[in-house]
$ cat run_19.txt   # compact mmCIF, C-alpha atoms
# COMPACT_ATOMS: atom_id res chain seq x y z
CA MET D 1 -28.77 -0.34 -22.21
CA ARG D 2 -27.31 2.20 -24.59
CA ASN D 3 -24.56 4.74 -24.30
CA ARG D 4 -24.60 7.73 -26.64
CA CYS D 5 -21.44 9.51 -27.69
CA LYS D 6 -21.54 13.21 -26.83
CA ILE D 7 -18.94 15.73 -27.94
CA ALA D 8 -18.95 19.35 -26.79
CA ALA D 9 -16.39 22.14 -26.72
CA ALA D 10 -15.32 21.40 -23.17
CA THR D 11 -16.39 17.80 -22.56
CA THR D 12 -16.28 14.46 -24.30
CA ARG D 13 -18.26 11.34 -23.42
CA PHE D 14 -16.60 8.13 -24.57
CA SER D 15 -18.82 5.21 -25.53
CA HIS D 16 -16.32 2.44 -24.74
CA ARG D 17 -18.17 -0.45 -23.11
CA PHE D 18 -17.27 -3.83 -21.71
CA THR D 19 -18.67 -6.31 -19.21
CA ALA D 20 -16.75 -6.91 -15.99
CA VAL D 21 -17.28 -10.06 -13.95
CA CYS D 22 -16.78 -10.90 -10.30
CA GLY D 23 -13.20 -10.50 -9.11
CA SER D 24 -12.06 -8.78 -12.31
CA PHE D 25 -10.72 -5.30 -13.09
CA SER D 26 -11.52 -2.98 -15.93
CA VAL D 27 -8.81 -2.02 -18.38
CA GLY D 28 -7.95 1.32 -19.96
CA ALA D 29 -7.35 4.41 -17.86
CA LEU D 30 -9.44 6.53 -20.24
CA CYS D 31 -12.51 4.30 -20.02
CA VAL D 32 -15.21 6.47 -18.47
CA ALA D 33 -18.45 4.63 -19.34
CA GLN D 34 -18.31 0.99 -18.37
CA THR D 35 -21.01 -1.67 -18.29
CA VAL D 36 -20.67 -4.03 -15.32
CA THR D 37 -22.47 -7.15 -14.16
CA VAL D 38 -22.28 -7.89 -10.44
CA PRO D 39 -23.44 -11.41 -9.43
CA ALA D 40 -25.13 -11.73 -6.04
CA THR D 41 -22.24 -13.90 -4.84
CA CYS D 42 -19.86 -10.90 -4.97
CA ASN D 43 -18.75 -10.10 -1.42
CA ILE D 44 -18.09 -6.36 -0.98
CA TYR D 45 -15.89 -7.15 2.05
CA GLY D 46 -13.38 -8.84 -0.25
CA ALA D 47 -12.52 -5.50 -1.86
CA GLY D 48 -8.76 -5.09 -2.17
CA HIS D 49 -8.04 -8.51 -0.66
CA SER D 50 -6.87 -11.73 -2.29
CA ALA D 51 -9.90 -13.71 -1.11
CA PRO D 52 -13.48 -12.92 -0.03
CA ARG D 53 -14.02 -12.30 3.69
CA ALA D 54 -16.26 -13.66 6.43
CA ASN D 55 -16.22 -12.85 10.14
CA CYS D 56 -18.41 -15.52 11.75
CA SER D 57 -17.33 -18.82 13.25
CA ASN D 58 -20.28 -20.37 11.44
CA PRO D 59 -20.47 -18.23 8.30
CA GLY D 60 -23.39 -20.04 6.73
CA PRO D 61 -23.16 -20.90 3.02
CA GLY D 62 -19.75 -19.30 2.58
CA PRO D 63 -17.99 -16.02 1.86
CA GLY D 64 -18.76 -15.90 -1.86
CA VAL D 65 -16.34 -14.48 -4.41
CA LEU D 66 -14.41 -11.25 -4.87
CA PRO D 67 -16.33 -8.11 -5.87
CA VAL D 68 -16.11 -6.39 -9.26
CA GLY D 69 -13.22 -3.89 -9.45
CA ILE D 70 -13.00 -0.79 -11.65
CA ASN D 71 -9.96 1.45 -12.08
CA ILE D 72 -10.50 5.11 -11.22
CA PRO D 73 -8.34 7.31 -13.51
CA PRO D 74 -6.35 10.21 -12.01
CA GLY D 75 -8.36 13.41 -12.14
CA SER D 76 -11.74 11.74 -11.48
CA ILE D 77 -14.32 13.79 -9.57
CA CYS D 78 -17.33 11.54 -9.08
CA ILE D 79 -19.05 8.39 -10.33
CA GLU D 80 -22.63 7.48 -11.13
CA LEU D 81 -24.35 4.17 -11.78
CA VAL D 82 -27.07 4.44 -14.40
CA ASP D 83 -29.52 1.99 -15.98
CA VAL D 84 -29.10 -0.37 -13.01
CA SER D 85 -31.37 -3.41 -13.07
CA GLY D 86 -31.42 -7.02 -11.98
CA SER D 87 -33.03 -9.69 -9.82
CA ILE D 88 -31.30 -11.07 -6.71
CA LEU D 89 -32.07 -14.30 -4.79
CA PHE D 90 -30.62 -14.80 -1.32
CA CYS D 91 -31.34 -18.39 -0.27
CA PRO D 92 -31.79 -21.90 -1.77
CA GLY D 93 -35.56 -21.58 -1.50
CA GLY D 94 -35.49 -18.49 -3.69
CA CYS D 95 -35.80 -15.77 -1.04
CA GLY D 96 -36.71 -12.66 -2.91
CA PRO D 97 -36.38 -11.86 -5.64
CA ALA D 98 -35.06 -8.41 -4.75
CA GLY D 99 -33.96 -5.65 -7.05
CA PRO D 100 -30.66 -3.72 -6.74
CA ASP D 101 -32.24 -1.58 -3.99
CA GLY D 102 -32.50 -4.67 -1.75
CA THR D 103 -35.25 -5.47 0.72
CA SER D 104 -36.73 -3.37 3.52
CA PHE D 105 -35.70 -4.03 7.14
CA ALA D 106 -36.44 -2.28 10.40
CA THR D 107 -32.68 -2.13 11.00
CA PHE D 108 -29.93 -4.14 9.33
CA THR D 109 -26.34 -3.88 10.62
CA LEU D 110 -23.17 -5.62 9.48
CA ASP D 111 -19.74 -5.36 11.12
CA SER D 112 -16.53 -3.88 9.73
CA VAL D 113 -14.13 -6.60 8.52
CA ASP D 114 -10.41 -6.37 7.64
CA GLY D 115 -10.36 -2.64 6.95
CA ILE D 116 -13.71 -2.41 5.12
CA SER D 117 -16.33 -0.57 7.17
CA GLY D 118 -19.68 -2.07 8.04
CA PHE D 119 -22.96 -0.17 7.82
CA THR D 120 -26.44 0.22 9.25
CA ALA D 121 -29.44 0.57 6.95
CA THR D 122 -33.17 0.04 6.66
CA ARG D 123 -32.53 -1.95 3.50
CA ALA D 124 -30.51 -5.15 3.23
CA ARG D 125 -28.76 -7.05 0.45
CA ALA D 126 -28.59 -4.08 -1.90
CA LEU D 127 -25.82 -3.24 -4.36
CA HIS D 128 -22.97 -1.57 -2.44
CA GLY D 129 -19.69 0.11 -3.32
CA VAL D 130 -16.36 1.00 -1.73
CA PHE D 131 -13.46 3.18 -2.92
CA LEU D 132 -9.89 2.07 -2.22
CA ALA D 133 -6.37 3.39 -2.76
CA ASP D 134 -3.65 1.08 -4.09
CA ALA D 135 -2.89 -0.41 -0.66
CA GLU D 136 -4.74 -3.43 0.74
CA PRO D 137 -7.30 -2.23 3.32
CA ALA D 138 -6.38 -2.85 6.95
CA ASN D 139 -7.88 -2.16 10.37
CA PRO D 140 -9.01 0.16 11.77
CA ALA D 141 -11.79 0.57 9.25
CA PRO D 142 -13.52 3.95 8.78
CA THR D 143 -16.65 4.76 10.79
CA PRO D 144 -19.64 2.82 9.38
CA LEU D 145 -22.27 4.88 7.55
CA THR D 146 -25.98 4.76 8.35
CA PHE D 147 -28.61 4.77 5.61
CA THR D 148 -32.23 5.50 6.47
CA ASP D 149 -32.96 8.14 3.79
CA PHE D 150 -32.11 6.83 0.33
CA SER D 151 -33.14 9.95 -1.61
CA PHE D 152 -29.73 11.65 -1.32
CA THR D 153 -28.39 13.22 -4.51
CA GLN D 154 -24.71 13.22 -3.55
CA LEU D 155 -22.52 11.23 -1.15
CA ALA D 156 -18.85 11.64 -0.20
CA PRO D 157 -17.60 8.33 1.30
CA GLN D 158 -14.07 7.92 2.62
CA ILE D 159 -11.61 5.38 1.30
CA ALA D 160 -12.63 1.89 2.57
CA GLN D 161 -15.99 3.25 3.80
CA GLN D 162 -18.72 1.01 2.40
CA PHE D 163 -21.70 2.84 0.89
CA TYR D 164 -25.17 2.05 -0.43
CA ILE D 165 -25.77 2.30 -4.20
CA GLY D 166 -28.88 0.28 -4.99
CA ASP D 167 -30.24 1.29 -8.39
CA GLY D 168 -28.30 4.58 -8.29
CA LEU D 169 -31.45 6.72 -8.26
CA THR D 170 -33.03 8.93 -5.60
CA GLY D 171 -36.09 6.68 -5.70
CA THR D 172 -36.67 3.01 -6.41
CA GLY D 173 -36.71 2.77 -10.18
CA THR D 174 -37.35 6.52 -10.48
CA GLY D 175 -35.72 9.83 -9.62
CA SER D 176 -32.43 11.55 -10.38
CA PRO D 177 -29.02 9.86 -10.69
CA GLN D 178 -27.02 9.87 -7.45
CA ARG D 179 -23.40 11.06 -7.50
CA PHE D 180 -20.66 9.46 -5.41
CA ILE D 181 -17.66 11.75 -4.92
CA VAL D 182 -14.29 10.11 -5.48
CA PRO D 183 -12.24 10.57 -2.25
CA PRO D 184 -8.67 11.91 -2.52
CA GLY D 185 -6.20 9.10 -3.21
CA ALA D 186 -8.79 6.65 -4.51
CA THR D 187 -7.64 4.55 -7.46
CA ARG D 188 -10.21 1.74 -7.42
CA LEU D 189 -13.95 1.25 -7.03
CA PHE D 190 -15.41 -2.11 -5.98
CA LEU D 191 -19.03 -3.23 -6.41
CA GLY D 192 -20.67 -6.08 -4.55
CA PHE D 193 -23.27 -7.08 -1.98
CA ALA D 194 -23.31 -7.17 1.83
CA ASP D 195 -24.93 -10.42 2.97
CA GLY D 196 -25.10 -12.09 6.34
CA LEU D 197 -27.09 -12.54 9.52
CA GLY D 198 -26.12 -9.24 11.13
CA PRO D 199 -23.69 -8.50 12.41
CA CYS D 200 -21.96 -11.55 10.84
CA ILE D 201 -20.89 -11.58 7.18
CA GLY D 202 -20.69 -14.77 5.13
CA TRP D 203 -23.94 -15.97 3.53
CA TYR D 204 -23.12 -15.75 -0.16
CA GLY D 205 -22.89 -19.34 -1.41
CA ASP D 206 -26.66 -19.75 -1.78
CA ASN D 207 -27.19 -16.49 -3.65
CA GLY D 208 -28.36 -16.22 -7.25
CA GLY D 209 -28.99 -13.56 -9.86
CA SER D 210 -27.08 -10.35 -10.52
CA ALA D 211 -27.29 -6.60 -10.97
CA SER D 212 -26.08 -4.82 -14.11
CA GLY D 213 -25.56 -1.17 -14.93
CA THR D 214 -23.24 1.42 -16.43
CA VAL D 215 -20.61 3.19 -14.34
CA LEU D 216 -19.99 6.79 -15.48
CA ILE D 217 -16.80 8.46 -14.26
CA SER D 218 -16.69 12.26 -14.59
CA GLY D 219 -13.39 14.13 -14.53
CA ILE D 220 -10.23 14.36 -16.61
CA VAL D 221 -9.84 11.77 -19.36
CA GLN D 222 -6.90 13.29 -21.25
CA GLN D 223 -4.07 15.01 -19.41
CA PRO D 224 -2.05 18.00 -20.71
CA ARG D 225 1.16 17.13 -22.54
CA SER D 226 4.62 18.63 -22.12
CA GLN D 227 5.99 20.52 -25.08
CA THR D 228 8.69 22.80 -26.45
CA ALA D 229 8.14 26.29 -27.85
CA CYS D 230 10.33 28.87 -29.53
CA LEU D 231 11.13 32.20 -27.92
CA GLY D 232 8.49 34.60 -29.18
CA GLY D 233 6.34 31.75 -30.41
CA SER D 234 3.20 30.20 -28.98
CA ALA D 235 2.20 27.15 -26.96
CA ALA D 236 -1.07 25.51 -25.93
CA PHE D 237 -1.91 23.04 -23.16
CA SER D 238 -5.23 21.19 -23.33
CA ILE D 239 -7.24 18.74 -21.26
CA THR D 240 -10.31 16.72 -22.16
CA THR D 241 -12.98 16.16 -19.53
CA GLN D 242 -15.95 13.87 -19.10
CA ALA D 243 -19.22 15.36 -17.83
CA ASP D 244 -21.72 13.48 -15.70
CA SER D 245 -25.05 12.17 -17.01
CA THR D 246 -26.70 15.58 -16.61
CA ASN D 247 -23.76 17.50 -18.17
CA LEU D 248 -23.07 19.26 -14.89
CA PRO D 249 -20.97 22.33 -15.88
CA ILE D 250 -17.21 22.06 -15.32
CA SER D 251 -14.99 25.07 -14.60
CA TYR D 252 -11.27 25.30 -15.42
CA ARG D 253 -8.45 27.09 -13.60
CA TRP D 254 -4.93 26.79 -15.03
CA ARG D 255 -1.86 27.15 -12.85
CA LYS D 256 1.79 27.93 -13.51
CA ASN D 257 4.14 26.27 -11.01
CA GLY D 258 1.17 25.85 -8.67
CA VAL D 259 0.03 29.50 -8.86
CA LEU D 260 -3.29 30.35 -10.50
CA ILE D 261 -3.02 32.25 -13.77
CA SER D 262 -5.37 35.22 -13.72
CA PRO D 263 -8.03 35.11 -16.46
CA LEU D 264 -7.81 38.91 -16.51
CA ILE D 265 -4.31 38.54 -17.95
CA ASN D 266 -4.92 35.46 -20.04
CA GLN D 267 -8.57 34.72 -20.77
CA SER D 268 -7.77 31.16 -21.84
CA ALA D 269 -6.82 30.34 -18.23
CA ALA D 270 -10.51 29.59 -17.61
CA THR D 271 -10.99 27.25 -20.57
CA PRO D 272 -10.00 23.64 -21.37
CA THR D 273 -7.08 24.97 -23.45
CA LEU D 274 -4.45 27.37 -22.13
CA HIS D 275 -2.87 29.46 -24.92
CA LEU D 276 0.45 31.24 -24.44
CA PHE D 277 1.53 33.86 -26.99
CA GLY D 278 4.89 35.54 -27.50
CA VAL D 279 6.52 33.21 -24.98
CA VAL D 280 9.57 34.40 -23.05
CA ALA D 281 12.15 32.53 -21.00
CA THR D 282 10.16 32.89 -17.77
CA ASP D 283 7.26 30.98 -19.33
CA ALA D 284 9.32 27.79 -18.99
CA ALA D 285 7.42 26.14 -16.12
CA ALA D 286 5.05 23.36 -15.09
CA TYR D 287 1.39 23.90 -15.99
CA ASP D 288 -1.63 22.08 -14.61
CA CYS D 289 -5.38 22.64 -14.43
CA ILE D 290 -7.92 22.44 -11.61
CA ILE D 291 -11.35 21.29 -12.80
CA SER D 292 -14.40 21.75 -10.59
CA ASN D 293 -18.14 21.25 -10.50
CA SER D 294 -20.70 20.96 -7.71
CA CYS D 295 -19.53 17.38 -7.20
CA GLY D 296 -15.96 18.37 -6.31
CA SER D 297 -12.56 19.20 -7.80
CA ALA D 298 -9.57 17.43 -9.33
CA VAL D 299 -6.12 18.50 -10.46
CA SER D 300 -4.58 17.42 -13.75
CA ALA D 301 -1.09 16.09 -14.17
CA ALA D 302 1.56 18.77 -14.65
CA ALA D 303 2.95 19.41 -18.13
CA THR D 304 6.20 21.26 -18.66
CA LEU D 305 6.98 23.96 -21.20
CA THR D 306 10.54 24.08 -22.49
CA ILE D 307 11.66 27.26 -24.25
CA THR D 308 14.30 27.19 -27.00
CA ALA D 309 15.86 29.85 -29.20
CA CYS D 310 14.56 28.88 -32.62
CA ALA D 311 15.66 30.25 -35.96
CA CYS D 312 12.20 29.61 -37.35
CA SER D 313 9.43 32.14 -37.79
CA LEU D 314 6.01 32.05 -36.16
CA ALA D 315 4.77 30.19 -39.23
CA ASP D 316 6.29 26.98 -37.82
CA ILE D 317 3.11 25.74 -36.16
CA ALA D 318 2.80 22.09 -37.24
CA GLY D 319 4.58 19.04 -38.52
CA GLY D 320 6.39 17.53 -35.57
CA GLY D 321 7.93 18.09 -32.19
CA PRO D 322 8.00 15.54 -29.35
CA THR D 323 4.25 15.88 -28.61
CA GLY D 324 2.95 16.59 -32.08
CA GLN D 325 2.17 20.14 -30.98
CA SER D 326 5.64 21.71 -30.93
CA PRO D 327 7.42 23.29 -33.93
CA ASP D 328 9.58 20.91 -35.96
CA GLY D 329 12.08 23.52 -37.19
CA ILE D 330 10.75 23.48 -40.77
CA VAL D 331 8.26 25.82 -42.39
CA ASP D 332 6.51 23.80 -45.06
CA GLY D 333 3.15 22.73 -46.42
CA SER D 334 2.01 21.14 -43.17
CA ASP D 335 2.21 24.53 -41.45
CA PHE D 336 0.27 26.19 -44.27
CA VAL D 337 -2.48 23.53 -44.20
CA ALA D 338 -2.77 23.78 -40.41
CA PHE D 339 -3.24 27.54 -40.59
CA ILE D 340 -5.73 27.44 -43.47
CA ASN D 341 -7.83 24.80 -41.69
CA SER D 342 -7.98 26.95 -38.57
CA PHE D 343 -8.54 30.18 -40.49
CA SER D 344 -11.41 28.70 -42.50
CA THR D 345 -13.28 27.61 -39.37
CA GLY D 346 -12.92 31.01 -37.76
CA ASP D 347 -12.09 29.30 -34.49
CA GLY D 348 -8.91 30.63 -32.96
CA ALA D 349 -9.18 28.13 -30.11
CA ILE D 350 -8.19 25.42 -32.60
CA ASP D 351 -4.98 27.18 -33.57
CA PRO D 352 -3.94 30.45 -31.90
CA LEU D 353 -2.05 31.53 -35.02
CA ALA D 354 -5.37 31.97 -36.75
CA TYR D 355 -5.75 35.22 -34.85
CA VAL D 356 -2.26 36.49 -34.09
CA ALA D 357 -2.82 39.92 -35.55
CA GLY D 358 -5.19 42.82 -35.24
CA GLY D 359 -4.98 43.98 -31.66
CA GLY D 360 -5.00 42.76 -28.10
CA ALA D 361 -4.04 44.69 -25.00
CA ASP D 362 -0.34 43.87 -25.34
CA GLY D 363 -0.14 43.69 -29.12
CA LEU D 364 0.35 39.91 -28.96
CA ALA D 365 -2.89 38.60 -27.52
CA PRO D 366 -5.67 37.91 -30.03
CA ASP D 367 -8.34 40.51 -30.62
CA GLY D 368 -11.10 37.91 -30.99
CA VAL D 369 -11.60 38.66 -34.68
CA ILE D 370 -10.21 36.41 -37.41
CA ASP D 371 -9.85 38.49 -40.56
CA GLY D 372 -7.49 39.52 -43.32
CA SER D 373 -4.91 40.97 -40.97
CA ASP D 374 -4.34 37.52 -39.48
CA PHE D 375 -4.02 35.97 -42.93
CA ILE D 376 -1.48 38.58 -44.06
CA ALA D 377 0.53 38.15 -40.83
CA PHE D 378 0.78 34.43 -41.39
CA ILE D 379 1.66 34.68 -45.09
CA ASN D 380 4.48 37.14 -44.27
CA ALA D 381 5.83 34.77 -41.60
CA PHE D 382 5.47 31.78 -43.92
CA ALA D 383 7.41 33.56 -46.67
CA ALA D 384 10.22 34.35 -44.21
CA GLY D 385 10.65 30.67 -43.42
CA CYS D 386 13.38 29.59 -41.01

$ encode --input "run_19.txt" --output "structure tokens"
Amino acid sequence: MRNRCKIAAATTRFSHRFTAVCGSFSVGALCVAQTVTVPATCNIYGAGHSAPRANCSNPGPGPGVLPVGINIPPGSICIELVDVSGSILFCPGGCGPAGPDGTSFATFTLDSVDGISGFTATRARALHGVFLADAEPANPAPTPLTFTDFSFTQLAPQIAQQFYIGDGLTGTGTGSPQRFIVPPGATRLFLGFADGLGPCIGWYGDNGGSASGTVLISGIVQQPRSQTACLGGSAAFSITTQADSTNLPISYRWRKNGVLISPLINQSAATPTLHLFGVVATDAAAYDCIISNSCGSAVSAAATLTITACACSLADIAGGGPTGQSPDGIVDGSDFVAFINSFSTGDGAIDPLAYVAGGGADGLAPDGVIDGSDFIAFINAFAAGC
């Protein structure tokens, strides 16, 4: 399996990979493409508990081991499992082998156990998942789901509601990737198998084989950072997002103290970076961003803007500050280099001071053209110093 690094203006796909094993958790809140191996002994009913679960007085070969756990970063919208493969055996005599999609049954039902819902399906012993919050699951469990049509493209399970994954495609070995919407409050995803003689759970000890695949998490991977700006200066808040495997478009809506900022007033309110020009005292506030696609929505962490009365000119754009974005109170070579780099690319989104002059409805907003007037405006400010 391979993971290719993609970088676009609004989205970034990270290629960090690692292998998780039964009962373990991934590390790194910004890890959004993770290779996992799920042995057939992983009991999905052990999700969030200290030991695997069984609910029968005679649970057969045993309850197995804990499922694989993956951290879900704040701001996640949905997950996919891609490139899923494997061979699963379910008894000492080698029953199977079955792939991640499991085996066909007329009806297969397993009970809910200790806060994890059961399910009914026409396939058994497939790869399953369950989202959890930080708390240990407890009864009553959510209503069990029923799976008879496995060609769904999107599913929105509740926290602690077990769901079918299989090979993560709308068909067996073919089709489109299926998306699983992250429920509000979810911080963890568990992967494992549901095995038993329905409705009893607890026949894992004689299992063999495993399923492997890559978990893709789409959503926010870098939150906006708080910063300080000078009165009359500028500020910028940015987020980085991860697209899904099909690069499903993501929209952005920035808010100030929980109120949407109109793009008609500030066009950058609908982009991954919110630019503020000619800041005034009332711009001191908390800013966050709502990201959305057809899979769902998520809200970023809030970042605060602190306004100070600076003696420096607008040429103080680089070189320090608590976040690396704020002015440092010195106009020097670092500010000049930052401006020249932005000016030479012609991309004002990199540095708003690359287009501070030349127009705009209020005389402060950029006019969308980076030309000599912007260069002269900066040089004059740079010469004035602090």

$ residues_around --input "run_19.txt" --residues "Ser210 of chain D" --least-positions-apart "5" --cutoff "8 Å" --atoms "only C-alpha atoms" --output "count of residues only"
7

$ residues_around --input "run_19.txt" --residues "Gly219 of chain D" --least-positions-apart "4" --cutoff "6 Å" --atoms "all atoms listed in the file" --output "PyMOL selection string"
chain D and resi 75-77+241-242

$ atom_distance --input "run_19.txt" --atom1 "atom CA of Ala303 of chain D" --atom2 "atom CA of Ala286 of chain D"
5.4 Å

$ atom_distance --input "run_19.txt" --atom1 "atom CA of Asp195 of chain D" --atom2 "atom CA of Ala133 of chain D"
23.8 Å

$ atom_distance --input "run_19.txt" --atom1 "atom CA of Leu274 of chain D" --atom2 "atom CA of Phe180 of chain D"
29.4 Å

$ closest_residue --input "run_19.txt" --among "D:Leu231, D:Val84, D:Ala269, D:Ala211" --to "Gly173 of chain D" --atoms "all atoms listed in the file"
D:Val84

$ closest_residue --input "run_19.txt" --among "D:Val82, D:Ala194, D:Val337, D:Val36" --to "Gly64 of chain D" --atoms "all atoms listed in the file"
D:Ala194
